[in-house]
Amino acid sequence: MPSRKKSMKKTLFAIIGVHLLLVMGCTQNLLYRIDVQQGNVVTMEAFSRLKPGMTPRQVEFLLGTPLVHDDFTPDRWDYVYYYRHSFEEPEIRLLTLWFEGNRLSRIEGDMPLEEREYLRGSTLR
């Protein structure tokens with residue numbers, strides 16, 4: 001008799017375990033995940049104010065301190081933006097500014113469509 005009780009307990013625990021795994025797997029998309037936003041938010045308004053010949057101080061006033069500052073290439077500033085909404089794929093944007101002679105000379109960027117269209121029409125070459 002005692003061995004029958006033990007086997008019933010094991011079976012019951014196995015059934016409960018399987019059910020818990022199934023419930024957890026089915027409700028994964030129902031769990032709450034916070035939005036993660038990091039880096040520099042470069043708005044279209046701020047971007048449109050960038051002009052060739054601006055000093056690094058003027059650019060920093062407009063866009064803020066660059067997230068990535070490399071001592072080996074001090075004439076290159078990288079503004080990075082990362083955003084992940086719940087379970088969606090993250091959105092990563094990169095805006096790179098180049099300076100020559102302490103003046104803004106070139107803009108390169110990976111931006112949303114509207115901003116890319118704006119970039120195409122206003123290259124700083």
# chains A, B, ... in the order shown; residues from 1 in each chain; ligands from 1
>>> residues_around(residues="A:Arg103", least_positions_apart="3", cutoff="7 Å", atoms="only C-alpha atoms", output="ChimeraX atom specification")
/A:53-56,99-100
>>> write_last_selection(atoms="C-alpha atoms", output="PDB file, in the first residue's frame")
ATOM      1  CA  GLY A  53      30.050  75.108 -39.854  1.00  0.00           C
ATOM      2  CA  MET A  54      28.568  74.808 -36.349  1.00  0.00           C
ATOM      3  CA  THR A  55      31.091  74.518 -33.529  1.00  0.00           C
ATOM      4  CA  PRO A  56      31.158  71.436 -31.301  1.00  0.00           C
ATOM      5  CA  PHE A  99      34.035  67.840 -37.562  1.00  0.00           C
ATOM      6  CA  GLU A 100      36.885  69.354 -39.588  1.00  0.00           C
TER       7      GLU A 100
END
>>> select_by_dssp(residues="stretch 20-104 of chain A", states="strand (DSSP E)", output="list in words")
Val36, Gln37, Gln38, Gly39, Val68, His69, Arg76, Trp77, Asp78, Tyr79, Val80, Tyr81, Tyr82, Tyr83, Arg84, Glu91, Ile92, Arg93, Leu94, Leu95, Thr96, Leu97, Trp98, Phe99, Glu100, Arg103 and Leu104 of chain A
>>> residues_around(residues="A:Glu60", least_positions_apart="3", cutoff="12 Å", atoms="only C-alpha atoms", output="PyMOL selection string")
chain A and resi 40+42+46+50+54-57+63-67+77-79+97+104
>>> residues_around(residues="A:Ser86", least_positions_apart="2", cutoff="9 Å", atoms="only C-alpha atoms", output="JSON, numbers by chain")
{"A": [32, 33, 34, 35, 36, 84, 88, 89]}
